[in-house]
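entry_2.cif, holding mmCIF, C-alpha atoms; chains and numbers go by the auth columns:
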```cif
data_work
#
loop_
_atom_site.group_PDB
_atom_site.id
_atom_site.type_symbol
_atom_site.label_atom_id
_atom_site.label_comp_id
_atom_site.label_asym_id
_atom_site.label_seq_id
_atom_site.Cartn_x
_atom_site.Cartn_y
_atom_site.Cartn_z
_atom_site.B_iso_or_equiv
_atom_site.auth_seq_id
_atom_site.auth_asym_id
ATOM 1 C CA MET A 1 -19.583 4.141 3.680 0.00 381 A
ATOM 2 C CA LEU A 2 -16.963 3.607 1.002 0.00 382 A
ATOM 3 C CA THR A 3 -17.883 2.991 -2.611 0.00 383 A
ATOM 4 C CA VAL A 4 -14.342 2.776 -3.941 0.00 384 A
ATOM 5 C CA ASP A 5 -12.115 -0.182 -3.073 0.00 385 A
ATOM 6 C CA LEU A 6 -8.966 1.619 -1.951 0.00 386 A
ATOM 7 C CA ASP A 7 -6.941 -1.572 -2.306 0.00 387 A
ATOM 8 C CA GLN A 8 -7.517 -1.341 -6.066 0.00 388 A
ATOM 9 C CA LEU A 9 -5.775 2.040 -6.186 0.00 389 A
ATOM 10 C CA GLY A 10 -2.388 0.796 -5.006 0.00 390 A
ATOM 11 C CA LEU A 11 -1.597 3.932 -3.022 0.00 391 A
ATOM 12 C CA SER A 12 1.830 4.035 -1.400 0.00 392 A
ATOM 13 C CA PRO A 13 3.701 6.482 0.861 0.00 393 A
ATOM 14 C CA GLY A 14 4.551 9.777 -0.800 0.00 394 A
ATOM 15 C CA GLN A 15 1.655 9.665 -3.267 0.00 395 A
ATOM 16 C CA VAL A 16 -1.149 12.198 -3.701 0.00 396 A
ATOM 17 C CA CYS A 17 -4.801 11.119 -3.942 0.00 397 A
ATOM 18 C CA LEU A 18 -7.300 13.677 -5.236 0.00 398 A
ATOM 19 C CA ASP A 19 -10.949 13.111 -4.325 0.00 399 A
ATOM 20 C CA VAL A 20 -12.921 15.254 -6.815 0.00 400 A
ATOM 21 C CA GLY A 21 -16.381 16.306 -5.660 0.00 401 A
ATOM 22 C CA CYS A 22 -15.527 14.888 -2.256 0.00 402 A
ATOM 23 C CA GLY A 23 -18.737 16.058 -0.553 0.00 403 A
ATOM 24 C CA GLU A 24 -18.409 15.398 3.163 0.00 404 A
ATOM 25 C CA GLY A 25 -15.112 13.646 2.577 0.00 405 A
ATOM 26 C CA ARG A 26 -15.755 9.944 3.054 0.00 406 A
ATOM 27 C CA HIS A 27 -13.119 8.763 0.557 0.00 407 A
ATOM 28 C CA THR A 28 -10.680 11.563 1.406 0.00 408 A
ATOM 29 C CA LEU A 29 -10.861 10.691 5.097 0.00 409 A
ATOM 30 C CA ALA A 30 -10.416 6.971 4.398 0.00 410 A
ATOM 31 C CA THR A 31 -7.363 7.691 2.235 0.00 411 A
ATOM 32 C CA TYR A 32 -5.959 9.810 5.063 0.00 412 A
ATOM 33 C CA LEU A 33 -5.629 6.631 7.126 0.00 413 A
ATOM 34 C CA LEU A 34 -3.107 5.190 4.655 0.00 414 A
ATOM 35 C CA GLU A 35 0.493 5.644 5.724 0.00 415 A
ATOM 36 C CA GLY A 36 2.356 8.430 3.991 0.00 416 A
ATOM 37 C CA VAL A 37 -0.418 9.355 1.540 0.00 417 A
ATOM 38 C CA PHE A 38 -1.521 12.961 1.041 0.00 418 A
ATOM 39 C CA ALA A 39 -5.319 13.008 0.674 0.00 419 A
ATOM 40 C CA LEU A 40 -6.817 16.083 -0.973 0.00 420 A
ATOM 41 C CA GLY A 41 -10.581 16.604 -1.177 0.00 421 A
ATOM 42 C CA LEU A 42 -12.076 19.194 -3.542 0.00 422 A
ATOM 43 C CA ASP A 43 -15.689 20.317 -3.671 0.00 423 A
ATOM 44 C CA LEU A 44 -17.784 23.372 -4.547 0.00 424 A
ATOM 45 C CA SER A 45 -19.924 23.146 -1.407 0.00 425 A
ATOM 46 C CA ALA A 46 -18.532 25.168 1.488 0.00 426 A
ATOM 47 C CA GLU A 47 -21.010 23.469 3.827 0.00 427 A
ATOM 48 C CA ASP A 48 -19.882 19.967 2.859 0.00 428 A
ATOM 49 C CA LEU A 49 -16.223 20.945 3.143 0.00 429 A
ATOM 50 C CA ALA A 50 -16.821 22.335 6.636 0.00 430 A
ATOM 51 C CA THR A 51 -18.396 19.032 7.645 0.00 431 A
ATOM 52 C CA ALA A 52 -15.474 17.125 6.143 0.00 432 A
ATOM 53 C CA ARG A 53 -12.899 19.226 7.999 0.00 433 A
ATOM 54 C CA GLY A 54 -14.821 18.700 11.230 0.00 434 A
ATOM 55 C CA ARG A 55 -14.403 14.943 10.864 0.00 435 A
ATOM 56 C CA ILE A 56 -10.627 14.947 10.588 0.00 436 A
ATOM 57 C CA THR A 57 -10.157 14.724 14.353 0.00 437 A
ATOM 58 C CA ASP A 58 -12.555 11.769 14.546 0.00 438 A
ATOM 59 C CA MET A 59 -10.474 9.954 11.925 0.00 439 A
ATOM 60 C CA GLN A 60 -7.057 10.305 13.568 0.00 440 A
ATOM 61 C CA PRO A 61 -5.228 7.191 12.330 0.00 441 A
ATOM 62 C CA HIS A 62 -3.980 4.570 14.770 0.00 442 A
ATOM 63 C CA SER A 63 -1.002 3.888 12.486 0.00 443 A
ATOM 64 C CA PRO A 64 1.255 6.715 11.218 0.00 444 A
ATOM 65 C CA GLY A 65 -1.312 7.618 8.561 0.00 445 A
ATOM 66 C CA GLY A 66 -0.847 10.390 6.048 0.00 446 A
ATOM 67 C CA GLN A 67 -1.756 14.032 5.512 0.00 447 A
ATOM 68 C CA ILE A 68 -5.083 15.558 4.566 0.00 448 A
ATOM 69 C CA GLY A 69 -6.463 18.779 3.149 0.00 449 A
ATOM 70 C CA PHE A 70 -9.773 20.086 1.847 0.00 450 A
ATOM 71 C CA ALA A 71 -10.238 22.965 -0.580 0.00 451 A
ATOM 72 C CA THR A 72 -12.812 24.565 -2.831 0.00 452 A
ATOM 73 C CA GLY A 73 -12.424 23.350 -6.383 0.00 453 A
ATOM 74 C CA ASP A 74 -14.310 22.793 -9.627 0.00 454 A
ATOM 75 C CA ALA A 75 -14.052 19.310 -11.136 0.00 455 A
ATOM 76 C CA THR A 76 -14.188 20.814 -14.634 0.00 456 A
ATOM 77 C CA ALA A 77 -11.284 23.213 -13.961 0.00 457 A
ATOM 78 C CA LEU A 78 -9.023 21.650 -11.349 0.00 458 A
ATOM 79 C CA PRO A 79 -6.749 24.145 -9.558 0.00 459 A
ATOM 80 C CA LEU A 80 -3.736 21.846 -9.945 0.00 460 A
ATOM 81 C CA ALA A 81 -0.740 21.721 -12.236 0.00 461 A
ATOM 82 C CA ASP A 82 -0.272 19.078 -14.909 0.00 462 A
ATOM 83 C CA GLU A 83 0.906 15.624 -13.831 0.00 463 A
ATOM 84 C CA THR A 84 0.979 16.301 -10.097 0.00 464 A
ATOM 85 C CA VAL A 85 -1.440 13.647 -8.788 0.00 465 A
ATOM 86 C CA ASP A 86 -1.059 9.874 -8.444 0.00 466 A
ATOM 87 C CA VAL A 87 -4.727 8.908 -8.029 0.00 467 A
ATOM 88 C CA VAL A 88 -7.993 10.660 -8.883 0.00 468 A
ATOM 89 C CA ILE A 89 -11.286 9.518 -7.371 0.00 469 A
ATOM 90 C CA ALA A 90 -14.504 10.766 -8.984 0.00 470 A
ATOM 91 C CA SER A 91 -17.185 8.966 -7.012 0.00 471 A
ATOM 92 C CA GLU A 92 -20.874 9.662 -7.730 0.00 472 A
ATOM 93 C CA ILE A 93 -20.305 13.067 -9.349 0.00 473 A
ATOM 94 C CA LEU A 94 -20.494 12.610 -13.134 0.00 474 A
ATOM 95 C CA GLU A 95 -24.270 12.124 -13.031 0.00 475 A
ATOM 96 C CA HIS A 96 -24.575 15.661 -11.599 0.00 476 A
ATOM 97 C CA ILE A 97 -22.381 17.529 -14.102 0.00 477 A
ATOM 98 C CA PRO A 98 -23.579 18.683 -17.550 0.00 478 A
ATOM 99 C CA ASN A 99 -20.120 18.708 -19.164 0.00 479 A
ATOM 100 C CA TYR A 100 -18.861 15.547 -17.492 0.00 480 A
ATOM 101 C CA LEU A 101 -16.327 14.802 -20.258 0.00 481 A
ATOM 102 C CA THR A 102 -14.399 17.872 -19.084 0.00 482 A
ATOM 103 C CA VAL A 103 -14.006 16.180 -15.688 0.00 483 A
ATOM 104 C CA LEU A 104 -12.332 13.234 -17.408 0.00 484 A
ATOM 105 C CA GLU A 105 -10.087 15.550 -19.427 0.00 485 A
ATOM 106 C CA GLU A 106 -9.019 17.339 -16.260 0.00 486 A
ATOM 107 C CA ALA A 107 -8.322 14.045 -14.505 0.00 487 A
ATOM 108 C CA LEU A 108 -6.084 12.987 -17.385 0.00 488 A
ATOM 109 C CA ARG A 109 -4.271 16.325 -17.252 0.00 489 A
ATOM 110 C CA VAL A 110 -3.430 16.322 -13.540 0.00 490 A
ATOM 111 C CA LEU A 111 -2.536 12.636 -13.292 0.00 491 A
ATOM 112 C CA LYS A 112 1.057 11.574 -13.546 0.00 492 A
ATOM 113 C CA PRO A 113 1.931 8.975 -16.202 0.00 493 A
ATOM 114 C CA GLY A 114 0.956 5.632 -14.690 0.00 494 A
ATOM 115 C CA GLY A 115 -1.541 7.339 -12.357 0.00 495 A
ATOM 116 C CA ARG A 116 -4.896 5.764 -11.582 0.00 496 A
ATOM 117 C CA LEU A 117 -8.445 7.016 -12.061 0.00 497 A
ATOM 118 C CA CYS A 118 -11.477 5.605 -10.263 0.00 498 A
ATOM 119 C CA VAL A 119 -14.987 6.577 -11.387 0.00 499 A
ATOM 120 C CA SER A 120 -18.249 5.430 -9.846 0.00 500 A
ATOM 121 C CA VAL A 121 -21.783 6.136 -11.090 0.00 501 A
ATOM 122 C CA PRO A 122 -25.250 4.777 -10.243 0.00 502 A
ATOM 123 C CA ARG A 123 -26.107 1.495 -11.957 0.00 503 A
ATOM 124 C CA GLN A 124 -28.411 2.029 -14.906 0.00 504 A
ATOM 125 C CA TRP A 125 -31.508 -0.070 -14.168 0.00 505 A
ATOM 126 C CA PRO A 126 -32.001 0.725 -10.453 0.00 506 A
ATOM 127 C CA GLU A 127 -31.474 4.395 -11.291 0.00 507 A
ATOM 128 C CA TRP A 128 -34.079 4.223 -14.066 0.00 508 A
ATOM 129 C CA ILE A 129 -36.640 2.875 -11.571 0.00 509 A
ATOM 130 C CA CYS A 130 -35.883 5.795 -9.233 0.00 510 A
ATOM 131 C CA TRP A 131 -36.586 8.200 -12.110 0.00 511 A
ATOM 132 C CA GLN A 132 -39.918 6.504 -12.813 0.00 512 A
ATOM 133 C CA LEU A 133 -40.996 6.565 -9.163 0.00 513 A
ATOM 134 C CA SER A 134 -40.232 10.237 -8.509 0.00 514 A
ATOM 135 C CA GLU A 135 -39.764 13.242 -10.731 0.00 515 A
ATOM 136 C CA GLN A 136 -38.432 15.176 -7.743 0.00 516 A
ATOM 137 C CA TYR A 137 -35.571 12.673 -7.383 0.00 517 A
ATOM 138 C CA ARG A 138 -34.002 14.016 -10.572 0.00 518 A
ATOM 139 C CA THR A 139 -35.363 17.591 -10.698 0.00 519 A
ATOM 140 C CA THR A 140 -34.335 18.645 -7.190 0.00 520 A
ATOM 141 C CA PRO A 141 -31.403 21.125 -7.458 0.00 521 A
ATOM 142 C CA GLY A 142 -28.169 19.182 -7.402 0.00 522 A
ATOM 143 C CA GLY A 143 -29.922 15.972 -8.444 0.00 523 A
ATOM 144 C CA HIS A 144 -28.999 13.442 -11.089 0.00 524 A
ATOM 145 C CA ILE A 145 -29.327 14.801 -14.614 0.00 525 A
ATOM 146 C CA ARG A 146 -28.445 11.637 -16.549 0.00 526 A
ATOM 147 C CA ILE A 147 -28.425 7.856 -16.344 0.00 527 A
ATOM 148 C CA PHE A 148 -25.180 6.209 -17.400 0.00 528 A
ATOM 149 C CA ASP A 149 -24.716 2.989 -19.282 0.00 529 A
ATOM 150 C CA ALA A 150 -21.523 1.703 -17.666 0.00 530 A
ATOM 151 C CA THR A 151 -20.235 0.058 -20.847 0.00 531 A
ATOM 152 C CA HIS A 152 -20.668 3.271 -22.819 0.00 532 A
ATOM 153 C CA LEU A 153 -19.029 5.304 -20.045 0.00 533 A
ATOM 154 C CA ARG A 154 -16.081 2.922 -19.989 0.00 534 A
ATOM 155 C CA ARG A 155 -15.568 3.470 -23.726 0.00 535 A
ATOM 156 C CA GLU A 156 -15.785 7.240 -23.310 0.00 536 A
ATOM 157 C CA ILE A 157 -13.122 7.173 -20.614 0.00 537 A
ATOM 158 C CA GLN A 158 -10.895 4.974 -22.749 0.00 538 A
ATOM 159 C CA GLN A 159 -11.339 7.413 -25.635 0.00 539 A
ATOM 160 C CA GLN A 160 -9.851 10.085 -23.375 0.00 540 A
ATOM 161 C CA GLY A 161 -6.664 8.018 -23.330 0.00 541 A
ATOM 162 C CA PHE A 162 -7.097 5.874 -20.218 0.00 542 A
ATOM 163 C CA GLU A 163 -6.492 2.129 -20.042 0.00 543 A
ATOM 164 C CA PHE A 164 -9.242 0.073 -18.420 0.00 544 A
ATOM 165 C CA GLY A 165 -8.155 -1.769 -15.287 0.00 545 A
ATOM 166 C CA GLY A 166 -11.250 -3.409 -13.819 0.00 546 A
ATOM 167 C CA ARG A 167 -14.788 -3.021 -12.594 0.00 547 A
ATOM 168 C CA GLY A 168 -16.675 -3.451 -9.344 0.00 548 A
ATOM 169 C CA SER A 169 -20.057 -2.757 -7.752 0.00 549 A
ATOM 170 C CA ALA A 170 -21.323 -1.791 -4.320 0.00 550 A
ATOM 171 C CA HIS A 171 -24.298 -0.984 -2.078 0.00 551 A
ATOM 172 C CA ALA A 172 -26.928 -3.465 -3.259 0.00 552 A
ATOM 173 C CA LEU A 173 -28.774 -3.159 0.055 0.00 553 A
ATOM 174 C CA HIS A 174 -29.196 0.573 -0.550 0.00 554 A
ATOM 175 C CA VAL A 175 -31.225 0.081 -3.738 0.00 555 A
ATOM 176 C CA PRO A 176 -34.569 -0.811 -2.058 0.00 556 A
ATOM 177 C CA TYR A 177 -34.135 2.150 0.309 0.00 557 A
ATOM 178 C CA TRP A 178 -33.902 4.573 -2.598 0.00 558 A
ATOM 179 C CA TRP A 179 -36.873 2.987 -4.331 0.00 559 A
ATOM 180 C CA LEU A 180 -38.898 3.497 -1.157 0.00 560 A
ATOM 181 C CA LYS A 181 -37.506 7.006 -0.769 0.00 561 A
ATOM 182 C CA CYS A 182 -38.653 7.881 -4.286 0.00 562 A
ATOM 183 C CA LEU A 183 -42.031 6.203 -3.856 0.00 563 A
ATOM 184 C CA PHE A 184 -42.778 8.238 -0.726 0.00 564 A
ATOM 185 C CA TRP A 185 -40.896 11.382 -1.778 0.00 565 A
ATOM 186 C CA ARG A 186 -43.732 13.780 -0.909 0.00 566 A
ATOM 187 C CA ARG A 187 -44.804 12.046 2.307 0.00 567 A
ATOM 188 C CA GLU A 188 -44.221 13.910 5.562 0.00 568 A
ATOM 189 C CA PRO A 189 -43.449 12.448 7.966 0.00 569 A
ATOM 190 C CA GLU A 190 -41.677 9.579 6.248 0.00 570 A
ATOM 191 C CA PRO A 191 -43.461 6.228 6.544 0.00 571 A
ATOM 192 C CA SER A 192 -42.250 3.951 9.307 0.00 572 A
ATOM 193 C CA LEU A 193 -41.075 1.385 6.741 0.00 573 A
ATOM 194 C CA LEU A 194 -38.657 3.928 5.260 0.00 574 A
ATOM 195 C CA ARG A 195 -37.390 4.986 8.684 0.00 575 A
ATOM 196 C CA TRP A 196 -36.922 1.346 9.665 0.00 576 A
ATOM 197 C CA TYR A 197 -34.928 0.619 6.510 0.00 577 A
ATOM 198 C CA HIS A 198 -32.687 3.622 7.114 0.00 578 A
ATOM 199 C CA LYS A 199 -31.968 2.396 10.644 0.00 579 A
ATOM 200 C CA LEU A 200 -31.117 -1.023 9.193 0.00 580 A
ATOM 201 C CA LEU A 201 -28.598 0.529 6.799 0.00 581 A
ATOM 202 C CA VAL A 202 -26.978 2.556 9.580 0.00 582 A
ATOM 203 C CA TRP A 203 -26.760 -0.551 11.780 0.00 583 A
ATOM 204 C CA ASP A 204 -25.253 -2.520 8.895 0.00 584 A
ATOM 205 C CA LEU A 205 -22.688 0.223 8.296 0.00 585 A
ATOM 206 C CA MET A 206 -21.627 0.378 11.932 0.00 586 A
ATOM 207 C CA ALA A 207 -21.850 -3.276 12.937 0.00 587 A
ATOM 208 C CA GLN A 208 -20.777 -4.932 9.651 0.00 588 A
ATOM 209 C CA PRO A 209 -22.613 -8.199 10.495 0.00 589 A
ATOM 210 C CA TRP A 210 -21.580 -11.165 8.392 0.00 590 A
ATOM 211 C CA LEU A 211 -25.113 -11.940 7.198 0.00 591 A
ATOM 212 C CA THR A 212 -25.903 -8.564 5.641 0.00 592 A
ATOM 213 C CA ARG A 213 -22.332 -8.285 4.296 0.00 593 A
ATOM 214 C CA ALA A 214 -22.763 -11.684 2.618 0.00 594 A
ATOM 215 C CA ILE A 215 -26.151 -10.708 1.141 0.00 595 A
ATOM 216 C CA ASP A 216 -24.729 -7.418 -0.113 0.00 596 A
ATOM 217 C CA SER A 217 -21.751 -9.156 -1.741 0.00 597 A
ATOM 218 C CA LEU A 218 -24.021 -11.725 -3.367 0.00 598 A
ATOM 219 C CA LEU A 219 -26.362 -9.104 -4.816 0.00 599 A
ATOM 220 C CA ASN A 220 -23.785 -6.500 -5.807 0.00 600 A
ATOM 221 C CA PRO A 221 -22.977 -7.941 -9.254 0.00 601 A
ATOM 222 C CA ILE A 222 -26.700 -7.837 -10.097 0.00 602 A
ATOM 223 C CA MET A 223 -28.098 -4.765 -8.362 0.00 603 A
ATOM 224 C CA GLY A 224 -25.280 -2.950 -6.611 0.00 604 A
ATOM 225 C CA LYS A 225 -26.371 0.706 -6.679 0.00 605 A
ATOM 226 C CA SER A 226 -22.909 1.898 -7.725 0.00 606 A
ATOM 227 C CA ILE A 227 -20.767 0.718 -10.616 0.00 607 A
ATOM 228 C CA ILE A 228 -17.056 1.374 -10.056 0.00 608 A
ATOM 229 C CA LEU A 229 -14.598 1.588 -12.959 0.00 609 A
ATOM 230 C CA TYR A 230 -10.805 1.618 -12.576 0.00 610 A
ATOM 231 C CA PHE A 231 -8.356 3.034 -15.125 0.00 611 A
ATOM 232 C CA THR A 232 -4.679 3.884 -15.579 0.00 612 A
ATOM 233 C CA LYS A 233 -3.109 6.774 -17.440 0.00 613 A
ATOM 234 C CA PRO A 234 -0.529 5.321 -19.849 0.00 614 A
ATOM 235 C CA ARG A 235 3.096 6.000 -18.980 0.00 615 A
ATOM 236 C CA THR A 236 3.826 7.056 -22.542 0.00 616 A
ATOM 237 C CA ALA A 237 1.509 8.930 -24.885 0.00 617 A
ATOM 238 C CA LYS A 238 0.348 7.097 -27.988 0.00 618 A
ATOM 239 C CA ALA A 239 1.743 8.703 -31.093 0.00 619 A
ATOM 240 C CA THR A 240 -0.492 8.881 -34.154 0.00 620 A
ATOM 241 C CA VAL A 241 0.080 9.200 -37.881 0.00 621 A
ATOM 242 C CA GLY A 242 -3.063 10.366 -39.574 0.00 622 A
ATOM 243 C CA ASP A 243 -5.817 8.313 -38.013 0.00 623 A
ATOM 244 C CA HIS A 244 -3.610 5.325 -37.186 0.00 624 A
ATOM 245 C CA ALA A 245 -2.054 4.817 -33.747 0.00 625 A
ATOM 246 C CA LEU A 246 1.507 3.577 -33.580 0.00 626 A
#
```
Rewrite the structure of this file - the entire thing - as structure tokens.
Amino acid sequence: MLTVDLDQLGLSPGQVCLDVGCGEGRHTLATYLLEGVFALGLDLSAEDLATARGRITDMQPHSPGGQIGFATGDATALPLADETVDVVIASEILEHIPNYLTVLEEALRVLKPGGRLCVSVPRQWPEWICWQLSEQYRTTPGGHIRIFDATHLRREIQQQGFEFGGRGSAHALHVPYWWLKCLFWRREPEPSLLRWYHKLLVWDLMAQPWLTRAIDSLLNPIMGKSIILYFTKPRTAKATVGDHAL
């Protein structure tokens, strides 16, 4: 289940794509399928990284594909040299990290001039409903500690020095599932309605039927669970005199 539109990243052979907070590696593994690209996934969870590595064999590309690696790494202190990466993906991680601005600073540092950054976060109003329905949703260890306003986040990223390149949204059909999940958070076993909806989402993911894909695309601009923002690191730094940019 991809949140990021890889076509928007313009990856080409010989480039390096860093997936920060990669979890079980969904975007890293998808990038691995692109010819000549080196996909690197970093995460703090040894368990998630083990799962990700175990999926590499299942994702062997039919075309030449690229290279892939997974390693332990902190998004706020990336173990990489300056200007060594062509693309950074930070998908659904900023809402978990107290000092999230440091993640953006680190992304700017490791990206080459002209490199691309992709950030995705939960959409504000569906996320707010989840918070109202369940306290455990946000207080469970590793849960979401903030709700982002996408416009404000875009400005913060631009203030770091990035140039805005576009916006997208995804996973509208997942929003009702999470509302139900929050509503019945304490229920064991899970209600049949919730189990049925989960099966529907898995079927949709695997089968990609045109009807649910069309409904998802239609609803995404309004209630897509994830907002995706695309940026570019300028090729030349902006010089300043006093408070005035040249």
Within 8 Å of (-17.5, 12.1, -24.7) (coordinates as in the file), grab all the protein and nucleic acid residues, counting all atoms listed in the file, and write them out as a PyMOL selection string. chain A and resi 481+536-537+539
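Residue nearest Leu533 of chain A within the list A:Pro502, A:Gly403, A:Pro556, A:Pro493: A:Pro502 [criterion: smallest interatomic distance, all atoms listed in the file].
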Of the residues A:Gly548, A:Pro614, A:Gly522, A:Gly416, which is the one nearest to Gly494 of chain A, using only C-alpha atoms? A:Pro614
Shell of 10 Å around Glu415 of chain A, all atoms listed in the file, local chain residues under 5 positions omitted, as number ranges by chain: A: 391-395, 441, 443-447
Near segment 519-521 of chain A, counting all atoms listed in the file, which residues have an atom at most 12 Å away, once you skip same-chain residues fewer than 3 positions from it, shown as JSON, numbers by chain? {"A": [476, 477, 510, 511, 514, 515, 516, 524, 525, 526, 562, 565]}
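Those residues that approach Ala410 of chain A to within 10 Å, counting all atoms listed in the file, are A:Met381, A:Leu382, A:Leu386, A:Gly405, A:Ala419, A:Met439, A:Pro441; same-chain residues fewer than 5 positions away are not listed.
Selection by the PyMOL selection byres ((chain A and resi 602) around 12) on the present file picks out Arg503, Gln504, Trp505, Pro506, Gly548, Ser549, Ala550, His551, Ala552, Leu553, Val555, Ile595, Asp596, Ser597, Leu598, Leu599, Asn600, Pro601, Met603, Gly604, Lys605, Ser606 and Ile607 of chain A.
For the set A:Ile469, A:Ile608, A:Leu398, A:Ala461, the residue with the smallest atom-to-atom gap to Ser500 of chain A is A:Ile608, counting all atoms listed in the file.
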Give me, please, the distance in Å between atom CA of Ala451 of chain A and atom CA of Leu424 of chain A, quoted to one decimal.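 Value for the atom CA of Ala451 of chain A-atom CA of Leu424 of chain A distance: 8.5 Å.
Shortest separation to Val490 of chain A among A:Ala426, A:Ala457, A:Val582, A:Leu563 occurs at residue A:Ala457, atoms counted being all atoms listed in the file.
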Decode the PyMOL selection byres ((chain A and resi 427-436) around 10) for the given file into explicit residues and return them as a PyMOL selection string. chain A and resi 401-406+408-409+412+421-426+437-441+448-452
Selection export as a PDB file, in the coordinates of the input, atoms kept: C-alpha atoms:
```
ATOM      1  CA  GLY A 401     -16.381  16.306  -5.660  1.00  0.00           C
ATOM      2  CA  CYS A 402     -15.527  14.888  -2.256  1.00  0.00           C
ATOM      3  CA  GLY A 403     -18.737  16.058  -0.553  1.00  0.00           C
ATOM      4  CA  GLU A 404     -18.409  15.398   3.163  1.00  0.00           C
ATOM      5  CA  GLY A 405     -15.112  13.646   2.577  1.00  0.00           C
ATOM      6  CA  ARG A 406     -15.755   9.944   3.054  1.00  0.00           C
ATOM      7  CA  THR A 408     -10.680  11.563   1.406  1.00  0.00           C
ATOM      8  CA  LEU A 409     -10.861  10.691   5.097  1.00  0.00           C
ATOM      9  CA  TYR A 412      -5.959   9.810   5.063  1.00  0.00           C
ATOM     10  CA  GLY A 421     -10.581  16.604  -1.177  1.00  0.00           C
ATOM     11  CA  LEU A 422     -12.076  19.194  -3.542  1.00  0.00           C
ATOM     12  CA  ASP A 423     -15.689  20.317  -3.671  1.00  0.00           C
ATOM     13  CA  LEU A 424     -17.784  23.372  -4.547  1.00  0.00           C
ATOM     14  CA  SER A 425     -19.924  23.146  -1.407  1.00  0.00           C
ATOM     15  CA  ALA A 426     -18.532  25.168   1.488  1.00  0.00           C
ATOM     16  CA  THR A 437     -10.157  14.724  14.353  1.00  0.00           C
ATOM     17  CA  ASP A 438     -12.555  11.769  14.546  1.00  0.00           C
ATOM     18  CA  MET A 439     -10.474   9.954  11.925  1.00  0.00           C
ATOM     19  CA  GLN A 440      -7.057  10.305  13.568  1.00  0.00           C
ATOM     20  CA  PRO A 441      -5.228   7.191  12.330  1.00  0.00           C
ATOM     21  CA  ILE A 448      -5.083  15.558   4.566  1.00  0.00           C
ATOM     22  CA  GLY A 449      -6.463  18.779   3.149  1.00  0.00           C
ATOM     23  CA  PHE A 450      -9.773  20.086   1.847  1.00  0.00           C
ATOM     24  CA  ALA A 451     -10.238  22.965  -0.580  1.00  0.00           C
ATOM     25  CA  THR A 452     -12.812  24.565  -2.831  1.00  0.00           C
TER      26      THR A 452
END
```
What gap, in Å, lies between atom CA of Val467 of chain A and atom CA of Asp529 of chain A? 23.7 Å
Just how far from atom CA of Leu414 of chain A is atom CA of Val499 of chain A, in Å to one decimal?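 Calculated distance between atom CA of Val499 of chain A and atom CA of Leu414 of chain A is 20.0 Å.
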Expected selection from the PyMOL selection byres ((chain A and resi 483) around 12), given as a PyMOL selection string: chain A and resi 400-401+453-458+468-471+473-482+484-490+497+499+536-537+540
With distances taken over all atoms listed in the file, which of A:Arg615, A:His532, A:Arg518, A:Arg575 is nearest to Leu560 of chain A?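 Going through A:Arg615, A:His532, A:Arg518, A:Arg575 one by one, the smallest distance to Leu560 of chain A is for A:Arg575.
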What are the centre and edge lengths in Å, to one decimal, of the axis-aligned box around all listed atoms of segment 424-435 of chain A with 3 Å added on each side, as AutoDock Vina command-line options?
```
--center_x -17.0 --center_y 20.1 --center_z 3.3 --size_x 14.1 --size_y 16.2 --size_z 21.8
```
